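Okay, final.cif now, which holds mmCIF, C-alpha atoms and all ligand atoms:
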data_work
#
loop_
_atom_site.group_PDB
_atom_site.id
_atom_site.type_symbol
_atom_site.label_atom_id
_atom_site.label_comp_id
_atom_site.auth_asym_id
_atom_site.auth_seq_id
_atom_site.Cartn_x
_atom_site.Cartn_y
_atom_site.Cartn_z
ATOM 1 C CA VAL A 1 133.164 107.404 126.163
ATOM 2 C CA PRO A 2 134.521 103.831 126.035
ATOM 3 C CA SER A 3 136.766 102.732 128.916
ATOM 4 C CA GLY A 4 139.207 99.865 129.298
ATOM 5 C CA ALA A 5 136.313 97.760 130.580
ATOM 6 C CA THR A 6 133.728 98.633 127.902
ATOM 7 C CA GLN A 7 131.883 95.625 126.503
ATOM 8 C CA LEU A 8 131.567 95.817 122.720
ATOM 9 C CA THR A 9 128.605 94.710 120.619
ATOM 10 C CA ALA A 10 128.064 95.245 116.906
ATOM 11 C CA VAL A 11 125.374 95.279 114.272
ATOM 12 C CA VAL A 12 126.687 93.396 111.240
ATOM 13 C CA GLY A 13 125.448 93.199 107.644
ATOM 14 C CA ALA A 14 125.633 95.109 104.386
ATOM 15 C CA PRO A 15 124.685 97.829 103.733
ATOM 16 C CA ILE A 16 124.869 98.954 107.360
ATOM 17 C CA ARG A 17 125.389 102.709 107.597
ATOM 18 C CA HIS A 18 121.652 103.503 107.870
ATOM 19 C CA SER A 19 121.024 100.906 110.606
ATOM 20 C CA LEU A 20 118.983 102.185 113.551
ATOM 21 C CA SER A 21 120.450 99.536 115.866
ATOM 22 C CA PRO A 22 123.406 101.542 117.260
ATOM 23 C CA THR A 23 121.015 104.403 118.030
ATOM 24 C CA ILE A 24 118.526 102.126 119.807
ATOM 25 C CA PHE A 25 121.042 99.968 121.710
ATOM 26 C CA ASN A 26 123.376 102.772 122.757
ATOM 27 C CA ALA A 27 120.405 104.689 124.163
ATOM 28 C CA ALA A 28 119.469 101.564 126.112
ATOM 29 C CA PHE A 29 123.024 100.928 127.412
ATOM 30 C CA ALA A 30 123.319 104.545 128.577
ATOM 31 C CA GLU A 31 119.895 104.580 130.243
ATOM 32 C CA SER A 32 120.689 101.328 132.051
ATOM 33 C CA GLY A 33 124.090 102.542 133.265
ATOM 34 C CA LEU A 34 125.889 99.690 131.487
ATOM 35 C CA ASP A 35 129.459 100.168 130.235
ATOM 36 C CA TRP A 36 128.508 98.585 126.921
ATOM 37 C CA THR A 37 128.485 100.056 123.413
ATOM 38 C CA MET A 38 127.387 99.112 119.886
ATOM 39 C CA VAL A 39 129.127 99.905 116.624
ATOM 40 C CA ALA A 40 128.179 98.998 113.042
ATOM 41 C CA PHE A 41 130.426 96.804 110.886
ATOM 42 C CA GLU A 42 129.787 96.472 107.164
ATOM 43 C CA VAL A 43 130.247 92.734 106.539
ATOM 44 C CA ASP A 44 129.175 90.995 103.336
ATOM 45 C CA ALA A 45 128.036 87.364 103.152
ATOM 46 C CA GLU A 46 131.446 86.070 102.176
ATOM 47 C CA ARG A 47 133.138 87.558 105.248
ATOM 48 C CA GLY A 48 130.416 86.546 107.724
ATOM 49 C CA PRO A 49 132.197 83.470 109.118
ATOM 50 C CA ALA A 50 135.491 85.383 109.506
ATOM 51 C CA ALA A 51 133.644 88.199 111.290
ATOM 52 C CA LEU A 52 132.216 85.740 113.820
ATOM 53 C CA ALA A 53 135.629 84.125 114.413
ATOM 54 C CA GLY A 54 137.203 87.572 114.771
ATOM 55 C CA ALA A 55 134.550 88.634 117.265
ATOM 56 C CA GLN A 56 135.239 85.518 119.344
ATOM 57 C CA ALA A 57 138.957 86.317 119.310
ATOM 58 C CA LEU A 58 138.337 89.923 120.359
ATOM 59 C CA GLY A 59 135.784 89.144 123.062
ATOM 60 C CA ILE A 60 133.005 91.062 121.333
ATOM 61 C CA ARG A 61 129.911 90.170 123.366
ATOM 62 C CA ALA A 62 127.143 90.041 120.784
ATOM 63 C CA PHE A 63 126.027 90.698 117.229
ATOM 64 C CA SER A 64 122.744 92.115 116.067
ATOM 65 C CA VAL A 65 122.495 90.553 112.626
ATOM 66 C CA THR A 66 120.963 91.997 109.486
ATOM 67 C CA MET A 67 120.949 91.143 105.773
ATOM 68 C CA PRO A 68 122.712 89.304 104.223
ATOM 69 C CA LEU A 69 124.185 87.591 107.297
ATOM 70 C CA LYS A 70 120.981 86.273 108.916
ATOM 71 C CA ALA A 71 121.180 82.988 106.994
ATOM 72 C CA VAL A 72 125.009 82.961 106.772
ATOM 73 C CA LEU A 73 125.611 82.956 110.541
ATOM 74 C CA ALA A 74 122.697 80.620 111.359
ATOM 75 C CA PRO A 75 124.544 77.338 110.688
ATOM 76 C CA LEU A 76 127.564 78.563 112.689
ATOM 77 C CA VAL A 77 125.704 79.032 115.985
ATOM 78 C CA ALA A 78 123.578 77.007 118.403
ATOM 79 C CA MET A 79 120.098 78.116 117.405
ATOM 80 C CA SER A 80 117.088 78.811 119.639
ATOM 81 C CA PRO A 81 113.840 77.107 118.585
ATOM 82 C CA ALA A 82 112.593 80.353 116.951
ATOM 83 C CA ALA A 83 115.799 80.688 114.923
ATOM 84 C CA ALA A 84 115.852 76.993 113.992
ATOM 85 C CA THR A 85 112.258 77.157 112.701
ATOM 86 C CA LEU A 86 113.168 80.031 110.376
ATOM 87 C CA GLY A 87 116.763 79.022 109.621
ATOM 88 C CA VAL A 88 117.894 82.612 110.200
ATOM 89 C CA VAL A 89 119.243 84.552 113.203
ATOM 90 C CA ASN A 90 118.908 88.247 114.025
ATOM 91 C CA SER A 91 120.948 88.031 117.228
ATOM 92 C CA VAL A 92 124.096 86.184 118.269
ATOM 93 C CA ARG A 93 125.502 85.908 121.782
ATOM 94 C CA ILE A 94 129.205 85.323 121.317
ATOM 95 C CA GLY A 95 131.206 82.913 123.450
ATOM 96 C CA PRO A 96 133.140 79.670 123.007
ATOM 97 C CA THR A 97 129.886 78.276 121.570
ATOM 98 C CA PRO A 98 128.044 81.173 119.920
ATOM 99 C CA GLU A 99 124.257 81.072 120.325
ATOM 100 C CA GLY A 100 121.733 82.480 117.850
ATOM 101 C CA ASP A 101 118.162 83.660 118.288
ATOM 102 C CA ASN A 102 115.525 85.290 116.139
ATOM 103 C CA THR A 103 113.503 87.882 118.058
ATOM 104 C CA ASP A 104 111.636 89.510 115.150
ATOM 105 C CA GLY A 105 108.362 87.593 115.392
ATOM 106 C CA ALA A 106 108.293 87.646 119.194
ATOM 107 C CA GLY A 107 109.068 91.356 119.005
ATOM 108 C CA LEU A 108 105.900 91.936 117.007
ATOM 109 C CA LEU A 109 103.835 89.870 119.470
ATOM 110 C CA ASP A 110 105.303 91.908 122.366
ATOM 111 C CA ALA A 111 104.434 95.169 120.590
ATOM 112 C CA LEU A 112 100.871 93.994 119.930
ATOM 113 C CA ALA A 113 100.400 92.837 123.529
ATOM 114 C CA VAL A 114 101.876 95.946 125.146
ATOM 115 C CA ASP A 115 100.556 98.608 122.782
ATOM 116 C CA VAL A 116 97.045 97.372 121.885
ATOM 117 C CA GLY A 117 96.418 94.312 124.097
ATOM 118 C CA PHE A 118 96.175 91.937 121.126
ATOM 119 C CA VAL A 119 96.369 88.231 122.074
ATOM 120 C CA PRO A 120 96.868 85.998 118.980
ATOM 121 C CA ALA A 121 95.316 82.708 120.203
ATOM 122 C CA ASP A 122 92.400 81.732 117.942
ATOM 123 C CA GLN A 123 92.517 85.045 116.064
ATOM 124 C CA ARG A 124 92.232 85.159 112.277
ATOM 125 C CA CYS A 125 95.361 86.818 110.883
ATOM 126 C CA VAL A 126 96.249 87.821 107.332
ATOM 127 C CA VAL A 127 99.920 88.449 106.577
ATOM 128 C CA LEU A 128 100.641 90.319 103.349
ATOM 129 C CA GLY A 129 104.097 89.346 102.046
ATOM 130 C CA ALA A 130 106.287 86.267 102.242
ATOM 131 C CA GLY A 131 109.813 87.651 102.672
ATOM 132 C CA GLY A 132 112.017 87.524 105.753
ATOM 133 C CA ALA A 133 109.828 89.780 107.906
ATOM 134 C CA ALA A 134 106.647 87.964 106.884
ATOM 135 C CA ARG A 135 108.164 84.559 107.659
ATOM 136 C CA SER A 136 109.144 85.573 111.207
ATOM 137 C CA VAL A 137 105.670 87.007 111.828
ATOM 138 C CA ILE A 138 103.873 83.966 110.382
ATOM 139 C CA ALA A 139 105.885 81.566 112.562
ATOM 140 C CA ALA A 140 105.290 83.649 115.701
ATOM 141 C CA LEU A 141 101.547 84.092 115.139
ATOM 142 C CA ALA A 142 101.044 80.421 114.262
ATOM 143 C CA GLY A 143 103.156 79.407 117.262
ATOM 144 C CA ALA A 144 100.900 81.532 119.495
ATOM 145 C CA GLY A 145 97.786 79.719 118.272
ATOM 146 C CA ALA A 146 96.480 82.118 115.631
ATOM 147 C CA SER A 147 95.072 80.966 112.304
ATOM 148 C CA VAL A 148 97.236 82.599 109.654
ATOM 149 C CA VAL A 149 96.627 83.274 105.956
ATOM 150 C CA VAL A 150 99.532 84.376 103.737
ATOM 151 C CA VAL A 151 98.889 86.633 100.736
ATOM 152 C CA ASN A 152 101.790 87.380 98.407
ATOM 153 C CA ARG A 153 102.452 88.654 94.892
ATOM 154 C CA THR A 154 104.667 85.674 94.062
ATOM 155 C CA PRO A 155 102.790 82.404 94.764
ATOM 156 C CA GLU A 156 105.911 80.235 95.193
ATOM 157 C CA ALA A 157 107.117 82.407 98.066
ATOM 158 C CA ALA A 158 103.621 82.348 99.612
ATOM 159 C CA HIS A 159 103.576 78.540 99.612
ATOM 160 C CA ALA A 160 107.068 78.325 101.098
ATOM 161 C CA ALA A 161 106.108 80.746 103.889
ATOM 162 C CA ALA A 162 102.811 78.945 104.523
ATOM 163 C CA ALA A 163 104.824 75.846 105.469
ATOM 164 C CA LEU A 164 105.622 77.716 108.715
ATOM 165 C CA GLY A 165 102.041 77.141 109.900
ATOM 166 C CA ALA A 166 99.725 79.084 107.595
ATOM 167 C CA THR A 167 97.559 78.646 104.507
ATOM 168 C CA VAL A 168 97.794 80.605 101.263
ATOM 169 C CA GLY A 169 94.932 82.993 100.551
ATOM 170 C CA THR A 170 93.977 86.141 98.660
ATOM 171 C CA VAL A 171 93.263 89.766 99.591
ATOM 172 C CA ALA A 172 89.592 88.725 99.898
ATOM 173 C CA ASP A 173 90.604 87.102 103.203
ATOM 174 C CA VAL A 174 91.316 90.539 104.691
ATOM 175 C CA ALA A 175 87.586 91.184 105.147
ATOM 176 C CA GLY A 176 87.279 88.340 107.691
ATOM 177 C CA ALA A 177 90.519 88.995 109.565
ATOM 178 C CA ASP A 178 90.975 90.181 113.149
ATOM 179 C CA LEU A 179 94.599 91.169 112.456
ATOM 180 C CA VAL A 180 96.084 92.369 109.164
ATOM 181 C CA VAL A 181 99.883 92.683 108.896
ATOM 182 C CA ASN A 182 101.619 94.392 106.005
ATOM 183 C CA ALA A 183 104.951 92.575 105.801
ATOM 184 C CA THR A 184 105.633 93.691 102.236
ATOM 185 C CA SER A 185 107.864 96.671 101.558
ATOM 186 C CA VAL A 186 104.972 98.499 99.844
ATOM 187 C CA GLY A 187 104.787 102.011 101.302
ATOM 188 C CA MET A 188 108.464 102.140 102.290
ATOM 189 C CA ALA A 189 110.295 105.406 101.663
ATOM 190 C CA GLY A 190 112.930 105.307 98.947
ATOM 191 C CA THR A 191 111.390 102.383 97.009
ATOM 192 C CA ALA A 192 109.312 102.304 93.812
ATOM 193 C CA ALA A 193 106.220 101.542 95.932
ATOM 194 C CA ALA A 194 106.708 104.504 98.334
ATOM 195 C CA GLY A 195 103.358 106.211 98.941
ATOM 196 C CA SER A 196 101.439 103.106 97.784
ATOM 197 C CA LEU A 197 99.002 100.848 99.634
ATOM 198 C CA PRO A 198 99.451 97.049 99.851
ATOM 199 C CA LEU A 199 95.662 96.523 99.667
ATOM 200 C CA ASP A 200 92.379 98.303 98.933
ATOM 201 C CA PRO A 201 91.538 100.016 102.260
ATOM 202 C CA ALA A 202 87.808 99.494 101.603
ATOM 203 C CA ALA A 203 88.413 95.954 102.954
ATOM 204 C CA LEU A 204 89.392 97.308 106.409
ATOM 205 C CA ARG A 205 86.934 97.473 109.325
ATOM 206 C CA LYS A 206 86.860 99.289 112.612
ATOM 207 C CA ASP A 207 87.171 96.156 114.757
ATOM 208 C CA GLN A 208 90.432 95.110 113.105
ATOM 209 C CA VAL A 209 94.024 95.648 114.186
ATOM 210 C CA VAL A 210 96.133 96.724 111.196
ATOM 211 C CA VAL A 211 99.917 96.562 111.501
ATOM 212 C CA ASP A 212 102.382 98.023 109.032
ATOM 213 C CA LEU A 213 105.885 96.612 109.527
ATOM 214 C CA VAL A 214 107.175 99.496 107.405
ATOM 215 C CA TYR A 215 108.466 102.134 109.872
ATOM 216 C CA ASN A 216 109.919 104.656 107.430
ATOM 217 C CA PRO A 217 107.850 106.802 107.115
ATOM 218 C CA ILE A 218 106.434 106.490 110.644
ATOM 219 C CA ARG A 219 102.909 107.264 109.329
ATOM 220 C CA THR A 220 102.537 105.090 106.222
ATOM 221 C CA PRO A 221 99.690 105.286 103.683
ATOM 222 C CA LEU A 222 98.274 102.032 105.126
ATOM 223 C CA LEU A 223 98.258 103.386 108.693
ATOM 224 C CA GLU A 224 96.512 106.568 107.508
ATOM 225 C CA ALA A 225 93.907 104.544 105.589
ATOM 226 C CA ALA A 226 93.356 102.133 108.498
ATOM 227 C CA GLY A 227 92.870 105.058 110.864
ATOM 228 C CA GLU A 228 90.320 106.643 108.509
ATOM 229 C CA ARG A 229 88.389 103.358 108.442
ATOM 230 C CA GLY A 230 88.328 103.300 112.266
ATOM 231 C CA ALA A 231 90.678 100.313 112.588
ATOM 232 C CA THR A 232 93.390 100.159 115.273
ATOM 233 C CA ALA A 233 96.563 101.142 113.400
ATOM 234 C CA VAL A 234 99.945 99.929 114.686
ATOM 235 C CA GLY A 235 103.229 101.135 113.153
ATOM 236 C CA GLY A 236 106.396 99.101 112.609
ATOM 237 C CA LEU A 237 108.473 100.931 115.199
ATOM 238 C CA GLY A 238 106.990 98.830 118.017
ATOM 239 C CA MET A 239 108.284 95.592 116.497
ATOM 240 C CA LEU A 240 111.661 97.170 115.801
ATOM 241 C CA VAL A 241 112.008 98.301 119.413
ATOM 242 C CA HIS A 242 110.662 95.119 121.024
ATOM 243 C CA GLN A 243 112.848 92.779 118.959
ATOM 244 C CA ALA A 244 115.833 94.880 120.054
ATOM 245 C CA ALA A 245 114.608 94.813 123.674
ATOM 246 C CA ARG A 246 114.614 91.007 123.592
ATOM 247 C CA GLN A 247 118.201 91.014 122.312
ATOM 248 C CA PHE A 248 119.199 93.518 124.996
ATOM 249 C CA ARG A 249 117.719 91.368 127.793
ATOM 250 C CA TRP A 250 119.330 88.221 126.408
ATOM 251 C CA TRP A 251 122.784 89.797 126.162
ATOM 252 C CA THR A 252 122.881 91.835 129.370
ATOM 253 C CA GLY A 253 120.464 90.068 131.715
ATOM 254 C CA THR A 254 118.964 93.507 132.360
ATOM 255 C CA ASP A 255 115.434 94.743 131.656
ATOM 256 C CA ALA A 256 115.260 96.889 128.536
ATOM 257 C CA PRO A 257 114.258 100.572 128.806
ATOM 258 C CA ILE A 258 111.626 100.329 126.070
ATOM 259 C CA ALA A 259 110.423 103.946 126.119
ATOM 260 C CA VAL A 260 113.959 105.311 125.815
ATOM 261 C CA MET A 261 114.708 102.935 122.945
ATOM 262 C CA ARG A 262 111.519 103.966 121.136
ATOM 263 C CA ASP A 263 112.221 107.679 121.623
ATOM 264 C CA ALA A 264 115.768 107.264 120.268
ATOM 265 C CA ALA A 265 114.539 105.423 117.158
ATOM 266 C CA MET A 266 111.758 107.953 116.611
ATOM 267 C CA ALA A 267 114.118 110.924 116.942
ATOM 268 C CA ARG A 268 116.532 109.379 114.474
ATOM 269 C CA LEU A 269 113.747 108.641 111.931
ATOM 270 C CA GLN A 270 112.280 112.127 112.255
ATOM 271 C CA HIS A 271 115.709 113.714 111.918
ATOM 272 C CA ARG A 272 116.285 111.620 108.799
ATOM 273 C CA GLY A 273 113.059 113.134 107.362
HETATM 274 P P1 LIG B 301 111.898 90.984 101.665
HETATM 275 O O1 LIG B 301 112.405 89.713 102.260
HETATM 276 O O2 LIG B 301 112.620 91.593 100.522
HETATM 277 O O3 LIG B 301 110.360 90.721 101.225
HETATM 278 C C1 LIG B 301 109.633 91.721 100.553
HETATM 279 C C2 LIG B 301 108.178 91.300 100.429
HETATM 280 O O4 LIG B 301 107.448 92.403 99.868
HETATM 281 C C3 LIG B 301 107.946 90.114 99.485
HETATM 282 O O5 LIG B 301 106.849 89.364 99.960
HETATM 283 C C4 LIG B 301 107.590 90.811 98.165
HETATM 284 O O6 LIG B 301 106.767 90.036 97.345
HETATM 285 C C5 LIG B 301 106.797 91.981 98.681
HETATM 286 N N1 LIG B 301 106.778 93.116 97.744
HETATM 287 C C6 LIG B 301 107.804 93.945 97.442
HETATM 288 N N2 LIG B 301 107.415 94.881 96.565
HETATM 289 C C7 LIG B 301 106.106 94.621 96.277
HETATM 290 C C8 LIG B 301 105.153 95.222 95.431
HETATM 291 N N3 LIG B 301 105.446 96.297 94.675
HETATM 292 N N4 LIG B 301 103.900 94.703 95.410
HETATM 293 C C9 LIG B 301 103.581 93.625 96.157
HETATM 294 N N5 LIG B 301 104.457 92.994 96.971
HETATM 295 C C10 LIG B 301 105.704 93.497 97.045
HETATM 296 O O7 LIG B 301 111.820 92.126 102.772
HETATM 297 P P2 LIG B 301 111.626 91.960 104.339
HETATM 298 O O8 LIG B 301 112.948 91.910 104.998
HETATM 299 O O9 LIG B 301 110.646 90.872 104.586
HETATM 300 O O10 LIG B 301 110.990 93.387 104.744
HETATM 301 C C11 LIG B 301 109.672 93.751 104.327
HETATM 302 C C12 LIG B 301 109.314 95.098 104.985
HETATM 303 O O11 LIG B 301 109.232 94.931 106.392
HETATM 304 C C13 LIG B 301 110.350 96.198 104.735
HETATM 305 O O12 LIG B 301 109.666 97.400 104.488
HETATM 306 C C14 LIG B 301 111.114 96.265 106.034
HETATM 307 O O13 LIG B 301 111.595 97.570 106.302
HETATM 308 C C15 LIG B 301 110.030 95.910 107.039
HETATM 309 N N6 LIG B 301 110.570 95.298 108.247
HETATM 310 C C16 LIG B 301 110.229 95.846 109.441
HETATM 311 C C17 LIG B 301 110.673 95.288 110.610
HETATM 312 C C18 LIG B 301 110.274 95.903 111.918
HETATM 313 O O14 LIG B 301 110.878 95.582 112.944
HETATM 314 N N7 LIG B 301 109.265 96.740 111.943
HETATM 315 C C19 LIG B 301 111.498 94.158 110.589
HETATM 316 C C20 LIG B 301 111.836 93.601 109.345
HETATM 317 C C21 LIG B 301 111.368 94.184 108.178
HETATM 318 P P3 LIG B 301 107.398 88.996 96.260
HETATM 319 O O15 LIG B 301 107.649 87.715 97.008
HETATM 320 O O16 LIG B 301 106.306 88.863 95.243
HETATM 321 O O17 LIG B 301 108.635 89.628 95.717
#
Would it be possible to restate this file's structure as structure tokens?
Ligand code: NAP
Amino acid sequence: VPSGATQLTAVVGAPIRHSLSPTIFNAAFAESGLDWTMVAFEVDAERGPAALAGAQALGIRAFSVTMPLKAVLAPLVAMSPAAATLGVVNSVRIGPTPEGDNTDGAGLLDALAVDVGFVPADQRCVVLGAGGAARSVIAALAGAGASVVVVNRTPEAAHAAAALGATVGTVADVAGADLVVNATSVGMAGTAAAGSLPLDPAALRKDQVVVDLVYNPIRTPLLEAAGERGATAVGGLGMLVHQAARQFRWWTGTDAPIAVMRDAAMARLQHRG
């Protein structure tokens, strides 16, 4: 229950009602004994600047930022190097000078390191997709010394994403990869491509790590296929939790209770069905 001293944070974007962020962050605040809370505010692109000014006036501590505000708030804050590279923020620490960060790509690297011991330096990585998630992953992998190939349905987007430190390739590159990341929305529940695979699983090998950024459903067709081929299959929940954990540490100065955050997200996804 909020008190007179409760510190408020918010996830902002539109649509927002299905966001997992309040579930994940409120579990973390409670576990850590912090008198902090997170609510969700539906804010469209046009009202993004007013929302930031209002948050400053109210003393709201931080925003977790989702579409379509990631690019809208970026020019209004002092950006970290990761955010400046991408030109988008997923986290804002609010104060007289608001600061913005982008923890998505680093969140994936944390998940890979912690969950399967994957170290990107000198590894051959194929990223399927060239949207917002793909761009954060490409920049993080390239920044960590991996060689990165981008494969995308629309070539223009692939070339734009490759400017972050990758080359443009084809699905044939999957055969020679150490790490394969599905950063397309193929396989995501509730879309036309639900139940579909982003590649022919015959290309997958047992010594590869295969990541699906799609986390709804938790077991995607790609993860099932990768498992059947003997590859190490990593779901998208790890990235979701670790990017939130980085925001939590940045805002509160407290270590994030990762397991509790993961359990809360998992329970919510399973309940959602
Ligand atoms: P986005 O910006 O809309 O990009 C979508 C990407 O998927 C584009 O590259 C698009 O290709 C491709 N795509 C869509 N439908 C396709 C199809 N039928 N066949 C081939 N390619 C297709 O979306 P996003 O924000 O990057 O998110 C992508 C996925 O990652 C979503 O499922 C999202 O839930 C997930 N995600 C997970 C996390 C996490 O923490 N685990 C974080 C962010 C996003 P074109 O360029 O050709 O359109």
Selection: 10 Å around Thr220 (chain A), only C-alpha atoms, excl. self and same-chain fewer than 3 positions, as a PyMOL selection string: chain A and resi 186-189+194-197+212-217+223-226+235-236
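Atom to atom, CA of Ile218 (chain A) and atom C15 of ligand LIG 301 (chain B) stand 11.7 Å apart.
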Under the PyMOL selection byres (((chain A and resi 205) around 10) and not hetatm), which residues of this model are included? Write them out as a tab-separated table (two decimals) with C-alpha atoms, in the coordinates of the input.
chain	number	residue	atom	x	y	z
A	174	VAL	CA	91.32	90.54	104.69
A	175	ALA	CA	87.59	91.18	105.15
A	176	GLY	CA	87.28	88.34	107.69
A	177	ALA	CA	90.52	89.00	109.56
A	178	ASP	CA	90.98	90.18	113.15
A	201	PRO	CA	91.54	100.02	102.26
A	202	ALA	CA	87.81	99.49	101.60
A	203	ALA	CA	88.41	95.95	102.95
A	204	LEU	CA	89.39	97.31	106.41
A	206	LYS	CA	86.86	99.29	112.61
A	207	ASP	CA	87.17	96.16	114.76
A	208	GLN	CA	90.43	95.11	113.10
A	209	VAL	CA	94.02	95.65	114.19
A	210	VAL	CA	96.13	96.72	111.20
A	226	ALA	CA	93.36	102.13	108.50
A	227	GLY	CA	92.87	105.06	110.86
A	228	GLU	CA	90.32	106.64	108.51
A	229	ARG	CA	88.39	103.36	108.44
A	230	GLY	CA	88.33	103.30	112.27
A	231	ALA	CA	90.68	100.31	112.59
A	232	THR	CA	93.39	100.16	115.27
Could you give me the residues within 6 Å of ligand LIG 301 (chain B), counting all atoms listed in the file, as a PyMOL selection string? chain A and resi 129-134+152-154+157+183-186+188+193+213-215+236-237+239-240
Neighbourhood query: residues within 12 Å of (107.5, 74.6, 106.4), file coordinates, counting all atoms listed in the file; return as an mmCIF file with C-alpha atoms, in the frame of the given file.
data_model
loop_
_atom_site.group_PDB
_atom_site.id
_atom_site.type_symbol
_atom_site.label_atom_id
_atom_site.label_comp_id
_atom_site.auth_asym_id
_atom_site.auth_seq_id
_atom_site.Cartn_x
_atom_site.Cartn_y
_atom_site.Cartn_z
ATOM 1 C CA ALA A 84 115.852 76.993 113.992
ATOM 2 C CA THR A 85 112.258 77.157 112.701
ATOM 3 C CA LEU A 86 113.168 80.031 110.376
ATOM 4 C CA GLY A 87 116.763 79.022 109.621
ATOM 5 C CA ARG A 135 108.164 84.559 107.659
ATOM 6 C CA ILE A 138 103.873 83.966 110.382
ATOM 7 C CA ALA A 139 105.885 81.566 112.562
ATOM 8 C CA ALA A 142 101.044 80.421 114.262
ATOM 9 C CA ALA A 157 107.117 82.407 98.066
ATOM 10 C CA ALA A 158 103.621 82.348 99.612
ATOM 11 C CA HIS A 159 103.576 78.540 99.612
ATOM 12 C CA ALA A 160 107.068 78.325 101.098
ATOM 13 C CA ALA A 161 106.108 80.746 103.889
ATOM 14 C CA ALA A 162 102.811 78.945 104.523
ATOM 15 C CA ALA A 163 104.824 75.846 105.469
ATOM 16 C CA LEU A 164 105.622 77.716 108.715
ATOM 17 C CA GLY A 165 102.041 77.141 109.900
ATOM 18 C CA ALA A 166 99.725 79.084 107.595
ATOM 19 C CA THR A 167 97.559 78.646 104.507
#
Do you have the CA of Ala233 (chain A)-CA of Val211 (chain A) distance handy?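 Taking CA of Ala233 (chain A) as the start and CA of Val211 (chain A) as the end point, the length is 6.0 Å.
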Spatial neighbours of Val149 (chain A), 8 Å, all atoms listed in the file, chain gap at least 4 places, as a JSON list (two decimals) with C-alpha atoms, in the frame of the given file:
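Now in around.json:
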[["chain", "number", "residue", "atom", "x", "y", "z"],
["A", 124, "ARG", "CA", 92.23, 85.16, 112.28],
["A", 125, "CYS", "CA", 95.36, 86.82, 110.88],
["A", 126, "VAL", "CA", 96.25, 87.82, 107.33],
["A", 127, "VAL", "CA", 99.92, 88.45, 106.58],
["A", 162, "ALA", "CA", 102.81, 78.94, 104.52],
["A", 166, "ALA", "CA", 99.72, 79.08, 107.60],
["A", 167, "THR", "CA", 97.56, 78.65, 104.51],
["A", 168, "VAL", "CA", 97.79, 80.60, 101.26],
["A", 169, "GLY", "CA", 94.93, 82.99, 100.55],
["A", 173, "ASP", "CA", 90.60, 87.10, 103.20]]
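Minimum atom-to-atom distance to Thr66 (chain A), evaluated using only C-alpha atoms, belongs to A:Val43 out of A:Ala82, A:Val43, A:Leu34, A:Ala5.
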For this file, the PyMOL selection byres (((chain A and resi 107) around 8) and not hetatm) selects which residues, as a list in words?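 Evaluating the PyMOL selection byres (((chain A and resi 107) around 8) and not hetatm) on these coordinates yields Thr103, Asp104, Gly105, Ala106, Leu108, Leu109, Asp110, Ala111, Gly238, Met239, Leu240, Val241, His242, Gln243, Ala244 and Arg246 of chain A.
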Please expand the PyMOL selection byres (((chain A and resi 263) around 12) and not hetatm) into the concrete residues it hits in this file, giving the result as a PDB file with C-alpha atoms, in the frame of the given file.
ATOM      1  CA  LEU A  20     118.983 102.185 113.551  1.00  0.00           C
ATOM      2  CA  THR A  23     121.015 104.403 118.030  1.00  0.00           C
ATOM      3  CA  ILE A  24     118.526 102.126 119.807  1.00  0.00           C
ATOM      4  CA  PHE A  25     121.042  99.968 121.710  1.00  0.00           C
ATOM      5  CA  ALA A  27     120.405 104.689 124.163  1.00  0.00           C
ATOM      6  CA  ALA A  28     119.469 101.564 126.112  1.00  0.00           C
ATOM      7  CA  GLU A  31     119.895 104.580 130.243  1.00  0.00           C
ATOM      8  CA  LEU A 237     108.473 100.931 115.199  1.00  0.00           C
ATOM      9  CA  GLY A 238     106.990  98.830 118.017  1.00  0.00           C
ATOM     10  CA  VAL A 241     112.008  98.301 119.413  1.00  0.00           C
ATOM     11  CA  PRO A 257     114.258 100.572 128.806  1.00  0.00           C
ATOM     12  CA  ILE A 258     111.626 100.329 126.070  1.00  0.00           C
ATOM     13  CA  ALA A 259     110.423 103.946 126.119  1.00  0.00           C
ATOM     14  CA  VAL A 260     113.959 105.311 125.815  1.00  0.00           C
ATOM     15  CA  MET A 261     114.708 102.935 122.945  1.00  0.00           C
ATOM     16  CA  ARG A 262     111.519 103.966 121.136  1.00  0.00           C
ATOM     17  CA  ALA A 264     115.768 107.264 120.268  1.00  0.00           C
ATOM     18  CA  ALA A 265     114.539 105.423 117.158  1.00  0.00           C
ATOM     19  CA  MET A 266     111.758 107.953 116.611  1.00  0.00           C
ATOM     20  CA  ALA A 267     114.118 110.924 116.942  1.00  0.00           C
ATOM     21  CA  ARG A 268     116.532 109.379 114.474  1.00  0.00           C
ATOM     22  CA  LEU A 269     113.747 108.641 111.931  1.00  0.00           C
ATOM     23  CA  GLN A 270     112.280 112.127 112.255  1.00  0.00           C
ATOM     24  CA  HIS A 271     115.709 113.714 111.918  1.00  0.00           C
TER      25      HIS A 271
END
